[in-house]
Amino acid sequence: MPIAEEINPIGPRPVRVFFAIWPDPETQKRLGSVVEQLRLDALCGGRTTKLQNIHLTLVFLGDVDAGRLPALSQVADGIRNSGMSAFDFTIEEIGYWKHNHIVYLAPRELPAELIQLVSILEDGVSNAGFSVERRPYAPHITLMRNALCRNLPELPAPIAWQAREWLLVKSEQTSGGSVYAPVGRWSLE
Ligand code: ATP
Ligand code: MG
């Protein structure tokens with residue numbers, strides 16, 4: 001019998017997690033109306049993101065052992081206690097990535113605080129022994145998957161987003177798509 005099973009009869013339990021920010025209800029409504037427009041215009045034919053799933057990923061960890069979740073929370077506690085600033089940004093662009101068939105929204109200008117939060121989180125989790133992809137951060141809000149777009153709708157107006165907290169979120173893959181559940185949240189000052 002492998003040693004790991006003697007110590008822990010259940011064995012490692014992988015959970016898929018990522019750090020992200022979620023829109024407040026008003027911002028969620030505005031972002032959701034763009035999703036609805038995409039669905040109604042039927043320009044791209046893909047699968048739209050559910051309202052409650054709209055988010056901006058900061059750092060994606062992928063599968064980690066459930067027993068290591070407290071270590072991730074500890075990293076976030078340390079960052080919160082070092083006094084990260086709240087920030088505002090404006091969503092101004094709608095785009096389509098052909099390579100992964102995703103329609104997304106993105107800010108045209110990135111606030112320094114967002115870049116700082118992502119970089120401090122990446123450093124924190126990798127110092128704690130988690131592996132994170134170090135490809136350049138491309139902040140985006142996924143609106144549609146499996147899309148094949150010829151045209152994109154216009155964004156009727158820029159959408160302001162005020163980030164006041166960030167979350168650690170568990171992602172469960174189900175037949176109806178990913179189901180997200182927060183496992184921790186940390187405020188920005
Ligand atoms: P689905 O997989 O059902 O299409 P999803 O991509 O939103 O939905 P996850 O795959 O769990 O669900 O991803 C959670 C978040 O992390 C999403 O914002 C996704 O874009 C992002 N993400 C997923 N894989 C990576 C990766 N390899 N690198 C960076 N971000 C990723
Ligand atoms: Mg995915």
# chains A, B, ... in the order shown; residues from 1 in each chain; ligands from 1
>>> residues_near_ligand(ligand="ligand 2", cutoff="10 Å", atoms="only C-alpha atoms and all ligand atoms", output="CSV table (one decimal) with N, CA, C and O atoms, in the first residue's frame")
chain,number,residue,atom,x,y,z
A,62,GLY,N,-5.4,26.5,-10.7
A,62,GLY,CA,-5.7,25.2,-11.2
A,62,GLY,C,-5.9,24.2,-10.0
A,62,GLY,O,-6.2,24.7,-8.9
A,145,ARG,N,-18.2,31.6,-24.6
A,145,ARG,CA,-17.2,30.6,-24.9
A,145,ARG,C,-17.7,29.9,-26.2
A,145,ARG,O,-18.9,30.0,-26.5
A,171,SER,N,-13.7,26.3,-8.4
A,171,SER,CA,-14.4,26.1,-9.7
A,171,SER,C,-14.7,24.6,-9.8
A,171,SER,O,-13.8,23.8,-9.8
A,173,GLN,N,-16.3,21.7,-12.2
A,173,GLN,CA,-16.7,21.4,-13.6
A,173,GLN,C,-17.9,20.5,-13.5
A,173,GLN,O,-17.9,19.4,-13.0
A,177,GLY,N,-21.6,23.4,-17.1
A,177,GLY,CA,-20.5,24.4,-17.1
A,177,GLY,C,-19.9,24.6,-15.7
A,177,GLY,O,-20.3,23.8,-14.8
A,178,SER,N,-19.0,25.5,-15.6
A,178,SER,CA,-18.3,25.7,-14.3
A,178,SER,C,-19.2,26.3,-13.2
A,178,SER,O,-20.0,27.2,-13.6
>>> select_by_dssp(residues="segment 9-163 of chain A", states="strand (DSSP E or B)", output="compact mmCIF listing (two decimals) with C-alpha atoms, in the first residue's frame")
# COMPACT_ATOMS: atom_id res chain seq x y z
CA PRO A 14 -7.79 18.22 -5.77
CA VAL A 15 -9.80 21.42 -5.95
CA ARG A 16 -9.62 23.85 -8.85
CA VAL A 17 -9.12 27.38 -7.54
CA PHE A 18 -8.35 30.90 -8.70
CA PHE A 19 -8.10 34.41 -7.26
CA ALA A 20 -10.52 36.88 -8.85
CA ILE A 21 -12.56 40.01 -8.39
CA ARG A 47 -22.28 29.77 -24.80
CA THR A 48 -22.78 32.95 -22.76
CA LEU A 56 -12.07 39.05 -13.62
CA THR A 57 -9.41 36.44 -12.85
CA LEU A 58 -6.30 37.69 -11.05
CA VAL A 59 -4.31 34.47 -10.67
CA PHE A 60 -5.34 30.98 -11.77
CA LEU A 61 -3.92 28.15 -9.66
CA GLY A 62 -5.72 25.17 -11.17
CA ASP A 63 -5.87 21.96 -9.14
CA VAL A 64 -4.46 22.19 -5.64
CA ASP A 65 -4.86 19.72 -2.80
CA PHE A 87 -9.01 50.71 -7.28
CA ASP A 88 -11.42 51.67 -10.03
CA PHE A 89 -11.19 50.87 -13.70
CA THR A 90 -13.30 51.21 -16.78
CA ILE A 91 -14.30 48.47 -19.21
CA GLU A 92 -14.09 49.95 -22.67
CA GLU A 93 -13.22 47.16 -25.07
CA ILE A 94 -15.05 44.15 -26.42
CA GLY A 95 -12.91 41.58 -28.17
CA TYR A 96 -12.76 38.08 -29.62
CA TRP A 97 -9.89 35.63 -29.35
CA ILE A 102 -13.72 33.52 -26.35
CA VAL A 103 -15.57 36.83 -26.44
CA TYR A 104 -14.38 39.10 -23.66
CA LEU A 105 -14.48 42.59 -22.22
CA ALA A 106 -11.34 44.37 -21.11
CA PRO A 107 -10.24 47.66 -19.62
CA ILE A 141 -13.92 39.23 -18.49
CA THR A 142 -15.19 36.21 -20.43
CA LEU A 143 -18.65 36.82 -21.88
CA MET A 144 -18.96 33.88 -24.25
CA ARG A 145 -17.20 30.60 -24.93
CA ILE A 159 -18.64 50.31 -17.69
CA ALA A 160 -17.09 51.53 -14.44
CA TRP A 161 -15.95 48.85 -11.98
CA GLN A 162 -14.89 49.60 -8.40
CA ALA A 163 -12.76 46.84 -6.93
>>> select_by_dssp(residues="segment 1-153 of chain A", states="alpha helix (DSSP H)", output="PDB file with N, CA, C and O atoms, in the first residue's frame")
ATOM      1  N   ILE A   3       2.507   4.789   0.887  1.00  0.00           N
ATOM      2  CA  ILE A   3       2.603   5.455   2.192  1.00  0.00           C
ATOM      3  C   ILE A   3       1.511   6.528   2.357  1.00  0.00           C
ATOM      4  O   ILE A   3       0.876   6.609   3.395  1.00  0.00           O
ATOM      5  N   ALA A   4       1.252   7.278   1.286  1.00  0.00           N
ATOM      6  CA  ALA A   4       0.270   8.363   1.384  1.00  0.00           C
ATOM      7  C   ALA A   4      -1.085   7.850   1.853  1.00  0.00           C
ATOM      8  O   ALA A   4      -1.783   8.507   2.612  1.00  0.00           O
ATOM      9  N   GLU A   5      -1.431   6.620   1.435  1.00  0.00           N
ATOM     10  CA  GLU A   5      -2.736   6.086   1.829  1.00  0.00           C
ATOM     11  C   GLU A   5      -2.762   5.677   3.298  1.00  0.00           C
ATOM     12  O   GLU A   5      -3.807   5.712   3.923  1.00  0.00           O
ATOM     13  N   GLU A   6      -1.599   5.293   3.814  1.00  0.00           N
ATOM     14  CA  GLU A   6      -1.555   4.949   5.240  1.00  0.00           C
ATOM     15  C   GLU A   6      -1.781   6.193   6.092  1.00  0.00           C
ATOM     16  O   GLU A   6      -2.463   6.153   7.096  1.00  0.00           O
ATOM     17  N   ILE A   7      -1.197   7.304   5.662  1.00  0.00           N
ATOM     18  CA  ILE A   7      -1.318   8.541   6.434  1.00  0.00           C
ATOM     19  C   ILE A   7      -2.717   9.135   6.261  1.00  0.00           C
ATOM     20  O   ILE A   7      -3.352   9.530   7.210  1.00  0.00           O
ATOM     21  N   PRO A  25     -23.277  44.366  -7.492  1.00  0.00           N
ATOM     22  CA  PRO A  25     -24.532  44.064  -8.199  1.00  0.00           C
ATOM     23  C   PRO A  25     -24.836  45.016  -9.362  1.00  0.00           C
ATOM     24  O   PRO A  25     -25.301  44.577 -10.419  1.00  0.00           O
ATOM     25  N   GLU A  26     -24.556  46.305  -9.174  1.00  0.00           N
ATOM     26  CA  GLU A  26     -24.850  47.277 -10.240  1.00  0.00           C
ATOM     27  C   GLU A  26     -23.956  47.037 -11.463  1.00  0.00           C
ATOM     28  O   GLU A  26     -24.408  47.029 -12.608  1.00  0.00           O
ATOM     29  N   THR A  27     -22.672  46.823 -11.219  1.00  0.00           N
ATOM     30  CA  THR A  27     -21.715  46.558 -12.303  1.00  0.00           C
ATOM     31  C   THR A  27     -22.042  45.221 -12.967  1.00  0.00           C
ATOM     32  O   THR A  27     -21.976  45.088 -14.193  1.00  0.00           O
ATOM     33  N   GLN A  28     -22.425  44.255 -12.141  1.00  0.00           N
ATOM     34  CA  GLN A  28     -22.799  42.936 -12.671  1.00  0.00           C
ATOM     35  C   GLN A  28     -23.963  43.065 -13.655  1.00  0.00           C
ATOM     36  O   GLN A  28     -23.973  42.458 -14.718  1.00  0.00           O
ATOM     37  N   LYS A  29     -24.931  43.939 -13.288  1.00  0.00           N
ATOM     38  CA  LYS A  29     -26.102  44.156 -14.149  1.00  0.00           C
ATOM     39  C   LYS A  29     -25.674  44.744 -15.494  1.00  0.00           C
ATOM     40  O   LYS A  29     -26.133  44.322 -16.548  1.00  0.00           O
ATOM     41  N   ARG A  30     -24.759  45.723 -15.438  1.00  0.00           N
ATOM     42  CA  ARG A  30     -24.303  46.362 -16.690  1.00  0.00           C
ATOM     43  C   ARG A  30     -23.525  45.371 -17.561  1.00  0.00           C
ATOM     44  O   ARG A  30     -23.699  45.342 -18.775  1.00  0.00           O
ATOM     45  N   LEU A  31     -22.665  44.591 -16.919  1.00  0.00           N
ATOM     46  CA  LEU A  31     -21.899  43.592 -17.675  1.00  0.00           C
ATOM     47  C   LEU A  31     -22.852  42.537 -18.238  1.00  0.00           C
ATOM     48  O   LEU A  31     -22.714  42.100 -19.387  1.00  0.00           O
ATOM     49  N   GLY A  32     -23.851  42.186 -17.428  1.00  0.00           N
ATOM     50  CA  GLY A  32     -24.828  41.182 -17.842  1.00  0.00           C
ATOM     51  C   GLY A  32     -25.638  41.641 -19.045  1.00  0.00           C
ATOM     52  O   GLY A  32     -26.019  40.822 -19.891  1.00  0.00           O
ATOM     53  N   SER A  33     -25.858  42.937 -19.153  1.00  0.00           N
ATOM     54  CA  SER A  33     -26.643  43.400 -20.305  1.00  0.00           C
ATOM     55  C   SER A  33     -25.829  43.285 -21.594  1.00  0.00           C
ATOM     56  O   SER A  33     -26.397  43.078 -22.671  1.00  0.00           O
ATOM     57  N   VAL A  34     -24.515  43.348 -21.498  1.00  0.00           N
ATOM     58  CA  VAL A  34     -23.679  43.104 -22.688  1.00  0.00           C
ATOM     59  C   VAL A  34     -23.756  41.619 -23.070  1.00  0.00           C
ATOM     60  O   VAL A  34     -23.867  41.269 -24.250  1.00  0.00           O
ATOM     61  N   VAL A  35     -23.729  40.755 -22.061  1.00  0.00           N
ATOM     62  CA  VAL A  35     -23.870  39.316 -22.318  1.00  0.00           C
ATOM     63  C   VAL A  35     -25.212  39.037 -23.000  1.00  0.00           C
ATOM     64  O   VAL A  35     -25.292  38.296 -23.989  1.00  0.00           O
ATOM     65  N   GLU A  36     -26.256  39.675 -22.488  1.00  0.00           N
ATOM     66  CA  GLU A  36     -27.607  39.477 -23.032  1.00  0.00           C
ATOM     67  C   GLU A  36     -27.680  39.961 -24.485  1.00  0.00           C
ATOM     68  O   GLU A  36     -28.284  39.315 -25.337  1.00  0.00           O
ATOM     69  N   GLN A  37     -27.013  41.083 -24.731  1.00  0.00           N
ATOM     70  CA  GLN A  37     -26.987  41.622 -26.099  1.00  0.00           C
ATOM     71  C   GLN A  37     -26.296  40.647 -27.052  1.00  0.00           C
ATOM     72  O   GLN A  37     -26.754  40.417 -28.169  1.00  0.00           O
ATOM     73  N   LEU A  38     -25.198  40.053 -26.576  1.00  0.00           N
ATOM     74  CA  LEU A  38     -24.480  39.060 -27.387  1.00  0.00           C
ATOM     75  C   LEU A  38     -25.389  37.880 -27.722  1.00  0.00           C
ATOM     76  O   LEU A  38     -25.388  37.376 -28.830  1.00  0.00           O
ATOM     77  N   ARG A  39     -26.160  37.478 -26.720  1.00  0.00           N
ATOM     78  CA  ARG A  39     -27.051  36.331 -26.901  1.00  0.00           C
ATOM     79  C   ARG A  39     -28.151  36.676 -27.910  1.00  0.00           C
ATOM     80  O   ARG A  39     -28.437  35.925 -28.830  1.00  0.00           O
ATOM     81  N   LEU A  40     -28.729  37.868 -27.735  1.00  0.00           N
ATOM     82  CA  LEU A  40     -29.847  38.264 -28.602  1.00  0.00           C
ATOM     83  C   LEU A  40     -29.390  38.523 -30.031  1.00  0.00           C
ATOM     84  O   LEU A  40     -30.064  38.161 -30.989  1.00  0.00           O
ATOM     85  N   ASP A  41     -28.210  39.165 -30.168  1.00  0.00           N
ATOM     86  CA  ASP A  41     -27.723  39.475 -31.517  1.00  0.00           C
ATOM     87  C   ASP A  41     -27.320  38.210 -32.278  1.00  0.00           C
ATOM     88  O   ASP A  41     -27.292  38.211 -33.505  1.00  0.00           O
ATOM     89  N   LEU A  69      -5.488  24.618   0.954  1.00  0.00           N
ATOM     90  CA  LEU A  69      -6.272  25.858   0.875  1.00  0.00           C
ATOM     91  C   LEU A  69      -5.927  26.836   2.001  1.00  0.00           C
ATOM     92  O   LEU A  69      -5.826  28.042   1.751  1.00  0.00           O
ATOM     93  N   PRO A  70      -5.711  26.354   3.249  1.00  0.00           N
ATOM     94  CA  PRO A  70      -5.330  27.306   4.299  1.00  0.00           C
ATOM     95  C   PRO A  70      -4.022  28.047   3.972  1.00  0.00           C
ATOM     96  O   PRO A  70      -3.873  29.221   4.306  1.00  0.00           O
ATOM     97  N   ALA A  71      -3.104  27.375   3.285  1.00  0.00           N
ATOM     98  CA  ALA A  71      -1.838  28.028   2.909  1.00  0.00           C
ATOM     99  C   ALA A  71      -2.117  29.170   1.922  1.00  0.00           C
ATOM    100  O   ALA A  71      -1.484  30.226   1.990  1.00  0.00           O
ATOM    101  N   LEU A  72      -3.076  28.961   1.026  1.00  0.00           N
ATOM    102  CA  LEU A  72      -3.441  30.025   0.075  1.00  0.00           C
ATOM    103  C   LEU A  72      -4.086  31.198   0.810  1.00  0.00           C
ATOM    104  O   LEU A  72      -3.817  32.363   0.507  1.00  0.00           O
ATOM    105  N   SER A  73      -4.954  30.875   1.778  1.00  0.00           N
ATOM    106  CA  SER A  73      -5.596  31.935   2.566  1.00  0.00           C
ATOM    107  C   SER A  73      -4.553  32.735   3.337  1.00  0.00           C
ATOM    108  O   SER A  73      -4.666  33.947   3.473  1.00  0.00           O
ATOM    109  N   GLN A  74      -3.533  32.032   3.822  1.00  0.00           N
ATOM    110  CA  GLN A  74      -2.469  32.713   4.579  1.00  0.00           C
ATOM    111  C   GLN A  74      -1.728  33.719   3.696  1.00  0.00           C
ATOM    112  O   GLN A  74      -1.404  34.817   4.137  1.00  0.00           O
ATOM    113  N   VAL A  75      -1.475  33.323   2.454  1.00  0.00           N
ATOM    114  CA  VAL A  75      -0.814  34.235   1.514  1.00  0.00           C
ATOM    115  C   VAL A  75      -1.675  35.488   1.354  1.00  0.00           C
ATOM    116  O   VAL A  75      -1.193  36.621   1.429  1.00  0.00           O
ATOM    117  N   ALA A  76      -2.995  35.284   1.159  1.00  0.00           N
ATOM    118  CA  ALA A  76      -3.903  36.415   0.953  1.00  0.00           C
ATOM    119  C   ALA A  76      -3.997  37.282   2.208  1.00  0.00           C
ATOM    120  O   ALA A  76      -4.026  38.514   2.115  1.00  0.00           O
ATOM    121  N   ASP A  77      -4.009  36.650   3.409  1.00  0.00           N
ATOM    122  CA  ASP A  77      -4.040  37.410   4.664  1.00  0.00           C
ATOM    123  C   ASP A  77      -2.840  38.348   4.742  1.00  0.00           C
ATOM    124  O   ASP A  77      -2.954  39.515   5.107  1.00  0.00           O
ATOM    125  N   GLY A  78      -1.679  37.813   4.380  1.00  0.00           N
ATOM    126  CA  GLY A  78      -0.438  38.606   4.434  1.00  0.00           C
ATOM    127  C   GLY A  78      -0.523  39.806   3.504  1.00  0.00           C
ATOM    128  O   GLY A  78      -0.097  40.909   3.852  1.00  0.00           O
ATOM    129  N   ILE A  79      -1.089  39.619   2.335  1.00  0.00           N
ATOM    130  CA  ILE A  79      -1.204  40.702   1.357  1.00  0.00           C
ATOM    131  C   ILE A  79      -2.201  41.746   1.864  1.00  0.00           C
ATOM    132  O   ILE A  79      -1.952  42.947   1.810  1.00  0.00           O
ATOM    133  N   ARG A  80      -3.344  41.271   2.385  1.00  0.00           N
ATOM    134  CA  ARG A  80      -4.346  42.205   2.903  1.00  0.00           C
ATOM    135  C   ARG A  80      -3.744  43.047   4.025  1.00  0.00           C
ATOM    136  O   ARG A  80      -3.913  44.264   4.072  1.00  0.00           O
ATOM    137  N   ASN A  81      -2.981  42.376   4.910  1.00  0.00           N
ATOM    138  CA  ASN A  81      -2.420  43.097   6.046  1.00  0.00           C
ATOM    139  C   ASN A  81      -1.337  44.087   5.647  1.00  0.00           C
ATOM    140  O   ASN A  81      -0.994  44.982   6.403  1.00  0.00           O
ATOM    141  N   ALA A 112      -2.543  50.810 -11.808  1.00  0.00           N
ATOM    142  CA  ALA A 112      -1.300  50.287 -11.222  1.00  0.00           C
ATOM    143  C   ALA A 112      -1.603  49.340 -10.063  1.00  0.00           C
ATOM    144  O   ALA A 112      -0.908  48.344  -9.861  1.00  0.00           O
ATOM    145  N   GLU A 113      -2.697  49.641  -9.313  1.00  0.00           N
ATOM    146  CA  GLU A 113      -3.032  48.803  -8.144  1.00  0.00           C
ATOM    147  C   GLU A 113      -3.417  47.386  -8.560  1.00  0.00           C
ATOM    148  O   GLU A 113      -3.147  46.428  -7.841  1.00  0.00           O
ATOM    149  N   LEU A 114      -4.065  47.264  -9.721  1.00  0.00           N
ATOM    150  CA  LEU A 114      -4.445  45.928 -10.212  1.00  0.00           C
ATOM    151  C   LEU A 114      -3.191  45.142 -10.587  1.00  0.00           C
ATOM    152  O   LEU A 114      -3.035  43.971 -10.200  1.00  0.00           O
ATOM    153  N   ILE A 115      -2.292  45.797 -11.306  1.00  0.00           N
ATOM    154  CA  ILE A 115      -1.051  45.123 -11.714  1.00  0.00           C
ATOM    155  C   ILE A 115      -0.255  44.719 -10.469  1.00  0.00           C
ATOM    156  O   ILE A 115       0.291  43.624 -10.395  1.00  0.00           O
ATOM    157  N   GLN A 116      -0.256  45.616  -9.471  1.00  0.00           N
ATOM    158  CA  GLN A 116       0.488  45.337  -8.240  1.00  0.00           C
ATOM    159  C   GLN A 116      -0.129  44.158  -7.481  1.00  0.00           C
ATOM    160  O   GLN A 116       0.584  43.279  -6.997  1.00  0.00           O
ATOM    161  N   LEU A 117      -1.461  44.146  -7.407  1.00  0.00           N
ATOM    162  CA  LEU A 117      -2.142  43.053  -6.698  1.00  0.00           C
ATOM    163  C   LEU A 117      -1.840  41.710  -7.366  1.00  0.00           C
ATOM    164  O   LEU A 117      -1.529  40.726  -6.696  1.00  0.00           O
ATOM    165  N   VAL A 118      -1.899  41.674  -8.695  1.00  0.00           N
ATOM    166  CA  VAL A 118      -1.634  40.425  -9.417  1.00  0.00           C
ATOM    167  C   VAL A 118      -0.194  39.989  -9.182  1.00  0.00           C
ATOM    168  O   VAL A 118       0.078  38.817  -8.886  1.00  0.00           O
ATOM    169  N   SER A 119       0.725  40.941  -9.251  1.00  0.00           N
ATOM    170  CA  SER A 119       2.128  40.549  -9.144  1.00  0.00           C
ATOM    171  C   SER A 119       2.473  40.093  -7.721  1.00  0.00           C
ATOM    172  O   SER A 119       3.205  39.118  -7.534  1.00  0.00           O
ATOM    173  N   ILE A 120       1.896  40.759  -6.726  1.00  0.00           N
ATOM    174  CA  ILE A 120       2.159  40.384  -5.330  1.00  0.00           C
ATOM    175  C   ILE A 120       1.507  39.021  -5.007  1.00  0.00           C
ATOM    176  O   ILE A 120       2.055  38.200  -4.263  1.00  0.00           O
ATOM    177  N   LEU A 121       0.338  38.775  -5.626  1.00  0.00           N
ATOM    178  CA  LEU A 121      -0.315  37.466  -5.446  1.00  0.00           C
ATOM    179  C   LEU A 121       0.500  36.355  -6.099  1.00  0.00           C
ATOM    180  O   LEU A 121       0.712  35.286  -5.515  1.00  0.00           O
ATOM    181  N   GLU A 122       0.975  36.614  -7.322  1.00  0.00           N
ATOM    182  CA  GLU A 122       1.800  35.606  -8.023  1.00  0.00           C
ATOM    183  C   GLU A 122       3.049  35.286  -7.212  1.00  0.00           C
ATOM    184  O   GLU A 122       3.397  34.113  -7.038  1.00  0.00           O
ATOM    185  N   ASP A 123       3.713  36.337  -6.706  1.00  0.00           N
ATOM    186  CA  ASP A 123       4.917  36.118  -5.903  1.00  0.00           C
ATOM    187  C   ASP A 123       4.574  35.338  -4.638  1.00  0.00           C
ATOM    188  O   ASP A 123       5.273  34.392  -4.278  1.00  0.00           O
ATOM    189  N   GLY A 124       3.492  35.761  -3.974  1.00  0.00           N
ATOM    190  CA  GLY A 124       3.090  35.132  -2.705  1.00  0.00           C
ATOM    191  C   GLY A 124       2.803  33.648  -2.865  1.00  0.00           C
ATOM    192  O   GLY A 124       3.294  32.827  -2.096  1.00  0.00           O
ATOM    193  N   VAL A 125       2.021  33.312  -3.886  1.00  0.00           N
ATOM    194  CA  VAL A 125       1.657  31.894  -4.033  1.00  0.00           C
ATOM    195  C   VAL A 125       2.852  31.072  -4.503  1.00  0.00           C
ATOM    196  O   VAL A 125       3.022  29.930  -4.076  1.00  0.00           O
ATOM    197  N   SER A 126       3.691  31.649  -5.346  1.00  0.00           N
ATOM    198  CA  SER A 126       4.834  30.822  -5.769  1.00  0.00           C
ATOM    199  C   SER A 126       5.844  30.669  -4.641  1.00  0.00           C
ATOM    200  O   SER A 126       6.428  29.596  -4.484  1.00  0.00           O
ATOM    201  N   ASN A 127       6.003  31.706  -3.780  1.00  0.00           N
ATOM    202  CA  ASN A 127       6.867  31.542  -2.600  1.00  0.00           C
ATOM    203  C   ASN A 127       6.315  30.502  -1.626  1.00  0.00           C
ATOM    204  O   ASN A 127       7.071  29.874  -0.893  1.00  0.00           O
TER     205      ASN A 127
END
>>> closest_residue(among="A:Pro158, A:Gly46, A:Gly67, A:Pro136", to="Gly11 of chain A", atoms="only C-alpha atoms")
A:Gly67
>>> closest_residue(among="A:Leu110, A:Met84, A:Ile54, A:Ala42", to="ligand 1", atoms="only C-alpha atoms and all ligand atoms")
A:Ile54
>>> atom_distance(atom1="atom CA of Ala181 of chain A", atom2="atom CA of Val169 of chain A")
5.5 Å
>>> closest_residue(among="A:Glu154, A:Glu172, A:Glu109, A:Glu165", to="ligand 1", atoms="only C-alpha atoms and all ligand atoms")
A:Glu172
>>> closest_residue(among="A:Trp186, A:Trp166, A:Tyr180, A:Phe130", to="ligand 1", atoms="only C-alpha atoms and all ligand atoms")
A:Tyr180
